[in-house]
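Dropping my_file.txt in here (compact mmCIF, C-alpha atoms):
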```txt
# COMPACT_ATOMS: atom_id res chain seq x y z
CA MET H 1 -8.85 27.72 -10.98
CA SER H 2 -5.25 28.73 -10.36
CA THR H 3 -2.09 27.81 -12.25
CA ALA H 4 1.51 27.32 -11.21
CA GLU H 5 4.52 27.18 -13.53
CA LEU H 6 6.40 24.06 -12.52
CA ASP H 7 9.18 22.30 -14.40
CA GLY H 8 8.21 23.99 -17.65
CA ILE H 9 4.50 23.19 -17.47
CA SER H 10 1.51 25.17 -16.25
CA VAL H 11 -0.25 23.09 -13.59
CA ALA H 12 -3.96 23.79 -13.10
CA TYR H 13 -5.19 23.44 -9.52
CA ASP H 14 -7.85 24.44 -7.00
CA ASP H 15 -6.92 25.56 -3.49
CA LEU H 16 -9.97 25.81 -1.21
CA GLY H 17 -10.38 26.56 2.48
CA THR H 18 -7.96 26.99 5.37
CA GLY H 19 -6.60 24.65 8.01
CA LEU H 20 -4.84 21.28 7.81
CA PRO H 21 -3.71 20.86 4.18
CA VAL H 22 -5.22 17.91 2.29
CA VAL H 23 -3.86 17.15 -1.19
CA LEU H 24 -6.00 14.79 -3.31
CA VAL H 25 -4.63 13.13 -6.44
CA HIS H 26 -6.94 11.99 -9.23
CA GLY H 27 -6.79 8.68 -11.09
CA HIS H 28 -6.59 7.71 -14.76
CA PRO H 29 -8.09 8.90 -17.04
CA PHE H 30 -9.71 11.62 -14.93
CA ASN H 31 -8.98 15.13 -13.71
CA ARG H 32 -9.20 17.13 -10.51
CA SER H 33 -13.00 17.46 -10.79
CA MET H 34 -13.34 13.86 -9.57
CA TRP H 35 -12.59 15.20 -6.07
CA ARG H 36 -15.05 18.12 -6.26
CA PRO H 37 -17.52 16.68 -3.71
CA GLN H 38 -14.72 16.18 -1.18
CA ALA H 39 -13.07 19.54 -1.89
CA GLU H 40 -16.34 21.39 -1.45
CA ARG H 41 -17.29 19.65 1.79
CA PHE H 42 -13.98 19.56 3.59
CA SER H 43 -12.93 23.09 2.63
CA ARG H 44 -16.03 24.19 4.56
CA GLU H 45 -15.09 22.07 7.57
CA GLY H 46 -11.71 23.49 8.50
CA TYR H 47 -9.38 21.97 5.92
CA ARG H 48 -7.34 23.42 3.09
CA VAL H 49 -8.09 21.10 0.17
CA ILE H 50 -5.82 21.18 -2.89
CA THR H 51 -6.62 19.31 -6.08
CA ALA H 52 -4.56 19.55 -9.25
CA ASP H 53 -4.70 18.21 -12.78
CA LEU H 54 -1.73 15.90 -13.28
CA ARG H 55 0.52 16.61 -16.25
CA GLY H 56 -1.23 15.47 -19.41
CA TYR H 57 -4.69 15.48 -17.78
CA GLY H 58 -7.48 18.04 -17.54
CA GLU H 59 -6.12 21.54 -17.99
CA THR H 60 -2.45 20.69 -17.34
CA PRO H 61 -0.43 19.92 -20.49
CA LYS H 62 2.43 17.48 -20.60
CA PRO H 63 5.80 18.44 -22.13
CA PRO H 64 5.42 17.93 -25.89
CA HIS H 65 8.18 15.36 -26.26
CA GLU H 66 7.42 13.33 -23.12
CA VAL H 67 6.26 9.90 -24.33
CA LYS H 68 6.40 8.17 -20.93
CA THR H 69 5.38 9.70 -17.60
CA GLY H 70 6.47 7.68 -14.58
CA LEU H 71 4.86 7.78 -11.17
CA ASP H 72 8.04 9.40 -9.88
CA VAL H 73 7.50 12.35 -12.24
CA PHE H 74 3.95 12.86 -10.96
CA ALA H 75 5.20 12.64 -7.37
CA LYS H 76 7.85 15.30 -8.04
CA ASP H 77 5.18 17.55 -9.54
CA ILE H 78 3.15 17.25 -6.32
CA ALA H 79 6.22 18.08 -4.24
CA ARG H 80 6.93 21.14 -6.39
CA LEU H 81 3.33 22.34 -6.15
CA ALA H 82 3.38 21.82 -2.37
CA ASP H 83 6.55 23.90 -2.18
CA ARG H 84 4.96 26.64 -4.27
CA LEU H 85 1.93 26.68 -1.97
CA GLY H 86 4.05 26.75 1.17
CA LEU H 87 2.94 23.36 2.46
CA GLY H 88 5.07 21.58 5.00
CA ARG H 89 3.43 18.30 6.06
CA PHE H 90 0.02 17.45 4.68
CA VAL H 91 -2.51 14.68 4.33
CA LEU H 92 -2.11 13.07 0.93
CA GLY H 93 -4.76 10.98 -0.77
CA GLY H 94 -5.23 9.35 -4.13
CA LEU H 95 -7.49 6.96 -6.01
CA SER H 96 -6.34 4.24 -8.42
CA MET H 97 -3.29 5.60 -10.29
CA GLY H 98 -3.51 8.53 -7.89
CA GLY H 99 -3.07 6.09 -5.01
CA GLN H 100 0.06 4.68 -6.63
CA ILE H 101 1.39 8.22 -7.03
CA VAL H 102 0.69 8.73 -3.33
CA MET H 103 2.67 5.57 -2.51
CA GLU H 104 5.54 6.82 -4.66
CA PHE H 105 5.40 10.20 -2.93
CA HIS H 106 5.48 8.59 0.50
CA ARG H 107 8.42 6.40 -0.50
CA THR H 108 10.37 9.44 -1.71
CA TYR H 109 9.21 12.17 0.72
CA PRO H 110 7.96 10.37 3.87
CA GLU H 111 8.76 13.35 6.08
CA ARG H 112 6.17 15.47 4.25
CA VAL H 113 3.22 13.14 4.78
CA ALA H 114 0.93 13.71 7.78
CA GLY H 115 -1.62 11.09 6.75
CA LEU H 116 -2.45 8.78 3.85
CA LEU H 117 -5.66 8.01 1.97
CA LEU H 118 -5.35 5.09 -0.45
CA ALA H 119 -8.57 4.49 -2.37
CA ASP H 120 -9.21 1.70 -4.88
CA THR H 121 -5.56 1.16 -5.67
CA SER H 122 -2.94 -1.59 -5.46
CA PRO H 123 0.71 -1.70 -4.32
CA GLN H 124 2.07 -4.52 -6.48
CA GLU H 125 4.38 -3.97 -9.43
CA GLU H 126 2.87 -4.53 -12.85
CA THR H 127 2.80 -8.08 -14.23
CA GLU H 128 4.37 -8.91 -17.59
CA ASP H 129 0.91 -9.33 -19.10
CA GLY H 130 -0.15 -6.04 -17.57
CA LYS H 131 2.84 -4.28 -19.09
CA ARG H 132 1.92 -5.60 -22.51
CA VAL H 133 -1.72 -4.54 -22.16
CA ARG H 134 -0.87 -1.04 -20.94
CA ASN H 135 1.55 -0.43 -23.80
CA GLU H 136 -0.89 -1.82 -26.37
CA THR H 137 -3.63 0.36 -24.92
CA ALA H 138 -1.33 3.40 -25.14
CA ASP H 139 -0.68 2.63 -28.81
CA ARG H 140 -4.39 2.34 -29.56
CA VAL H 141 -5.28 5.51 -27.63
CA LEU H 142 -2.74 7.48 -29.66
CA ALA H 143 -4.05 6.01 -32.92
CA GLU H 144 -7.79 6.16 -32.28
CA GLY H 145 -8.32 8.61 -29.42
CA ILE H 146 -9.60 7.75 -25.97
CA GLY H 147 -13.33 7.57 -26.64
CA TRP H 148 -13.37 3.81 -27.21
CA TYR H 149 -11.58 3.25 -23.91
CA ALA H 150 -14.00 5.48 -22.00
CA ASP H 151 -17.01 3.64 -23.39
CA GLU H 152 -15.43 0.24 -22.72
CA VAL H 153 -14.57 0.79 -19.05
CA LEU H 154 -17.46 2.97 -17.83
CA THR H 155 -19.29 0.05 -16.18
CA LYS H 156 -16.09 -0.97 -14.42
CA MET H 157 -15.36 2.54 -13.17
CA VAL H 158 -18.96 2.94 -12.01
CA ALA H 159 -20.96 -0.14 -11.03
CA PRO H 160 -23.57 -1.02 -13.70
CA GLU H 161 -26.45 -0.48 -11.27
CA ASN H 162 -25.05 2.96 -10.40
CA VAL H 163 -24.72 3.85 -14.08
CA ARG H 164 -28.45 3.18 -14.33
CA THR H 165 -29.58 4.86 -11.11
CA MET H 166 -27.01 7.68 -10.90
CA PRO H 167 -26.89 9.11 -14.44
CA ASP H 168 -25.25 12.36 -13.32
CA VAL H 169 -22.32 10.47 -11.76
CA ALA H 170 -21.98 8.25 -14.81
CA ALA H 171 -22.05 11.26 -17.11
CA HIS H 172 -19.38 13.04 -15.07
CA VAL H 173 -17.07 10.02 -15.11
CA LEU H 174 -17.60 9.50 -18.83
CA GLN H 175 -16.99 13.17 -19.59
CA MET H 176 -13.72 13.17 -17.63
CA MET H 177 -12.50 10.12 -19.51
CA ARG H 178 -13.54 11.29 -22.96
CA THR H 179 -11.91 14.70 -22.55
CA THR H 180 -8.56 13.44 -21.27
CA PRO H 181 -5.85 14.31 -23.83
CA LYS H 182 -4.78 11.11 -25.56
CA GLU H 183 -1.08 12.01 -25.40
CA GLY H 184 -1.17 12.46 -21.63
CA ALA H 185 -3.13 9.25 -21.11
CA ALA H 186 -0.76 7.23 -23.30
CA ALA H 187 2.35 8.62 -21.59
CA ALA H 188 0.94 7.75 -18.16
CA LEU H 189 -0.03 4.24 -19.29
CA ARG H 190 3.55 3.61 -20.43
CA GLY H 191 4.99 4.98 -17.20
CA ARG H 192 2.59 3.06 -15.02
CA ALA H 193 3.52 -0.17 -16.77
CA GLU H 194 6.97 0.20 -15.17
CA ARG H 195 5.83 0.99 -11.66
CA PRO H 196 7.77 -0.57 -8.78
CA ASP H 197 6.45 -2.72 -5.96
CA TYR H 198 5.34 -0.59 -2.99
CA ARG H 199 4.61 -3.38 -0.52
CA GLU H 200 7.86 -3.04 1.40
CA SER H 201 7.63 0.74 1.67
CA LEU H 202 4.07 0.49 3.00
CA THR H 203 5.39 -1.44 6.02
CA ARG H 204 7.38 1.70 6.89
CA VAL H 205 4.37 4.03 7.03
CA ARG H 206 4.24 5.74 10.41
CA VAL H 207 1.30 8.11 9.94
CA PRO H 208 -2.48 7.61 10.19
CA SER H 209 -3.66 5.81 7.07
CA LEU H 210 -7.07 5.07 5.58
CA VAL H 211 -7.59 2.39 2.93
CA VAL H 212 -10.90 2.54 1.05
CA VAL H 213 -12.36 0.22 -1.60
CA GLY H 214 -15.71 -0.40 -3.26
CA THR H 215 -17.17 -3.88 -2.99
CA GLU H 216 -17.81 -4.00 -6.75
CA ASP H 217 -14.35 -2.85 -7.85
CA GLU H 218 -12.97 -5.14 -10.58
CA PHE H 219 -9.78 -3.14 -11.22
CA THR H 220 -8.51 -3.15 -7.64
CA PRO H 221 -10.64 -5.64 -5.68
CA VAL H 222 -11.19 -5.81 -1.95
CA ALA H 223 -8.28 -8.25 -1.61
CA ASP H 224 -5.85 -5.52 -2.73
CA ALA H 225 -7.22 -3.16 -0.08
CA GLU H 226 -6.97 -5.87 2.58
CA LEU H 227 -3.33 -6.43 1.60
CA MET H 228 -2.50 -2.74 2.03
CA HIS H 229 -4.37 -2.68 5.35
CA GLU H 230 -2.26 -5.61 6.56
CA LEU H 231 0.97 -3.98 5.39
CA ILE H 232 0.41 -0.50 6.87
CA PRO H 233 0.76 -0.49 10.67
CA GLY H 234 -2.35 0.77 12.43
CA SER H 235 -4.25 1.53 9.24
CA THR H 236 -8.04 1.69 8.92
CA LEU H 237 -9.89 -0.24 6.22
CA ALA H 238 -13.26 0.94 4.89
CA VAL H 239 -15.19 -1.21 2.41
CA ILE H 240 -17.93 0.77 0.66
CA GLU H 241 -20.95 -1.34 -0.28
CA GLY H 242 -22.38 -0.99 -3.77
CA ALA H 243 -19.51 1.04 -5.24
CA ALA H 244 -17.05 0.04 -7.94
CA HIS H 245 -13.85 1.98 -8.71
CA MET H 246 -15.19 5.46 -7.81
CA PRO H 247 -16.65 5.24 -4.29
CA ASN H 248 -16.08 8.95 -3.63
CA LEU H 249 -18.64 9.66 -6.37
CA GLU H 250 -20.82 6.53 -6.32
CA ARG H 251 -21.29 6.59 -2.55
CA GLU H 252 -20.36 10.17 -1.78
CA ALA H 253 -22.01 10.35 1.66
CA GLU H 254 -20.50 7.09 2.92
CA PHE H 255 -17.06 7.94 1.57
CA ASN H 256 -17.14 11.43 3.05
CA ASP H 257 -18.24 10.18 6.46
CA VAL H 258 -15.35 7.69 6.58
CA PHE H 259 -12.89 10.34 5.41
CA ALA H 260 -14.23 12.89 7.90
CA ARG H 261 -13.63 10.53 10.83
CA PHE H 262 -10.14 9.85 9.57
CA LEU H 263 -9.28 13.55 9.20
CA LYS H 264 -10.52 14.32 12.70
CA GLU H 265 -8.26 11.63 14.10
CA THR H 266 -5.35 12.90 12.01
CA ASN H 267 -5.91 16.50 13.03
```
Can the structure in the file be given as C-alpha cells, please?
Amino acid sequence: MSTAELDGISVAYDDLGTGLPVVLVHGHPFNRSMWRPQAERFSREGYRVITADLRGYGETPKPPHEVKTGLDVFAKDIARLADRLGLGRFVLGGLSMGGQIVMEFHRTYPERVAGLLLADTSPQEETEDGKRVRNETADRVLAEGIGWYADEVLTKMVAPENVRTMPDVAAHVLQMMRTTPKEGAAAALRGRAERPDYRESLTRVRVPSLVVVGTEDEFTPVADAELMHELIPGSTLAVIEGAAHMPNLEREAEFNDVFARFLKETN
C-alpha cells in the first residue's frame, strides 16, 4: 500500500505494473480490494493498474467535518491522485457508485480519459423517493453502524446462489461492507442522493467504452446497461450470466476475459 496527501487527506492506494494506466474505482460500501483480482491479473499483462480507497472508505479517512461527499468531490480526488502519479490519459473504470464517479470524471475531465469501463451502474439522476431512502439510510447508518445494511444487502450484491456456492467471495464482500466507516458511508449516501443526470454527457463520449452488467443485478438491472450502451457511441455491452452486482468477483474469469479484450482494443 502507498499513500498520497491530497486535499488534506491521506489517500491509500495500490499502484501495480507498468504500461497503459488503468484506474479502477470501487463502489459503495466497498474498498479498493474489490478490484484485487483485476489488479493482479492486468498488472502482469502489461498494464499499470491503480486502485485507491475513496475518501471515507477503506484506509482513506474523510475530513472530520464533511457530512456530504458529492460525486464531484470523489472525481476531483481521482484527478489529484492521477496528477500525483504523473498520469496523463488513462483508462478509467468503476462499478456501481464507482461508475457514477467515472461518469462525473468524464464529464469534468474528458480530455484525460482514454477509455471507459462502466460496470453495474446507472446514469440517471436520483428520484425523489431515492433521495429520501438514501438520506434515511445515512441517518440509520450513523445511529446504528453499517452492519445491519451489510447483512441486508449481501444477497443483492452477490446473487443468492453465489453466496451459497462461492463462500469466499461472499465473505470478502461482507467484510468490505462491514468494515466501511459509517461516517464515510453516510456522507457518500447523502452526496449520491444529489447526483446529476449523466445521460446527455454519455452521448459525448468519444473513447472506447465497455458497459458490463450481471444478469441477476437488482440494483442496476440489465436495462440500465442497455441504456448506457445506446447512449455511448460505439460502446460494447457485456452481460455476465449468473452474476448480480459484483460480476468482477462473482464471475471473475468471464469479467476478466471481456475486460482483457477491451483493453487490447484500447491499447
Worksheet item: For Gly86 of chain H, which residue out of H:Pro64, H:Gly98, H:Gly27, H:Pro21 is the nearest one, using all atoms listed in the file?
Response: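 Using all atoms listed in the file, Gly86 of chain H sits closest to H:Pro21.
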Discussion item. Set the distance at 12 Å and use all atoms listed in the file: which residues neighbour Gly145 of chain H once local chain neighbours fewer than 2 positions away are removed? I'd like the list as number ranges by chain.
Written reply: H: 137-143, 147-151, 177-186
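Taking all atoms listed in the file into account, Leu118 of chain H lies nearest to H:His106 out of the set H:Arg261, H:His106, H:Arg192, H:Arg55.
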Worksheet entry | Atomic distance atom CA of Arg206 of chain H - atom CA of Val113 of chain H, expressed in Å with one decimal | 9.4 Å
Worksheet entry | Spatial neighbours of Gly115 of chain H, max dist 10 Å, all atoms listed in the file, sep filter under 2 positions, as an NGL selection string | :H and (22 or 89-93 or 106 or 112-113 or 117 or 205-210 or 262-263 or 265-267)
Practice prompt. Identify, on the basis of only C-alpha atoms, every residue whose closest approach to Leu95 of chain H does not exceed 8 Å; exclude the query and any residue fewer than 4 positions from it along the same chain; express the result as a PyMOL selection string.
Written response: chain H and resi 25-27+99-100+118-121
Next, the residues of the selection above should be written as an mmCIF file, keeping the file's coordinate frame with C-alpha atoms.
```cif
data_model
loop_
_atom_site.group_PDB
_atom_site.id
_atom_site.type_symbol
_atom_site.label_atom_id
_atom_site.label_comp_id
_atom_site.auth_asym_id
_atom_site.auth_seq_id
_atom_site.Cartn_x
_atom_site.Cartn_y
_atom_site.Cartn_z
ATOM 1 C CA VAL H 25 -4.630 13.130 -6.440
ATOM 2 C CA HIS H 26 -6.940 11.990 -9.230
ATOM 3 C CA GLY H 27 -6.790 8.680 -11.090
ATOM 4 C CA GLY H 99 -3.070 6.090 -5.010
ATOM 5 C CA GLN H 100 0.060 4.680 -6.630
ATOM 6 C CA LEU H 118 -5.350 5.090 -0.450
ATOM 7 C CA ALA H 119 -8.570 4.490 -2.370
ATOM 8 C CA ASP H 120 -9.210 1.700 -4.880
ATOM 9 C CA THR H 121 -5.560 1.160 -5.670
#
```
Fill in: Which of H:Ala159, H:Leu71, H:Ala223, H:Val153 sits closest to Glu125 of chain H [using all atoms listed in the file]
H:Leu71
Item to complete: With a distance cut-off of 7 Å and only C-alpha atoms, select the neighbouring residues of segment 57-61 of chain H, excluding the residue or stretch itself and same-chain residues fewer than 4 positions from it, and output the selection as a list of chain:residue names.
Response: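 In the requested format, the answer is H:Ile9, H:Ser10, H:Val11, H:Ala12, H:Phe30, H:Asn31, H:Asp53, H:Thr180, H:Pro181, H:Gly184.
You can rank H:Glu250, H:Glu40, H:Asp14, H:Glu200 by their closest distance to Met228 of chain H using all atoms listed in the file, and at the top of that list sits H:Glu200.
Within 8 Å of Gly19 of chain H, once only C-alpha atoms are used and residues closer than 3 positions along the same chain are dropped, the contacting residues are Gly46, Tyr47 and Arg48 of chain H.
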Item to complete: Give as a ChimeraX atom specification the set of residues within 12 Å of the point (-23.3, 9.0, -17.0), where distances use the file's coordinates and all atoms listed in the file.
Response: /H:150-151,154-155,157-178,249-250
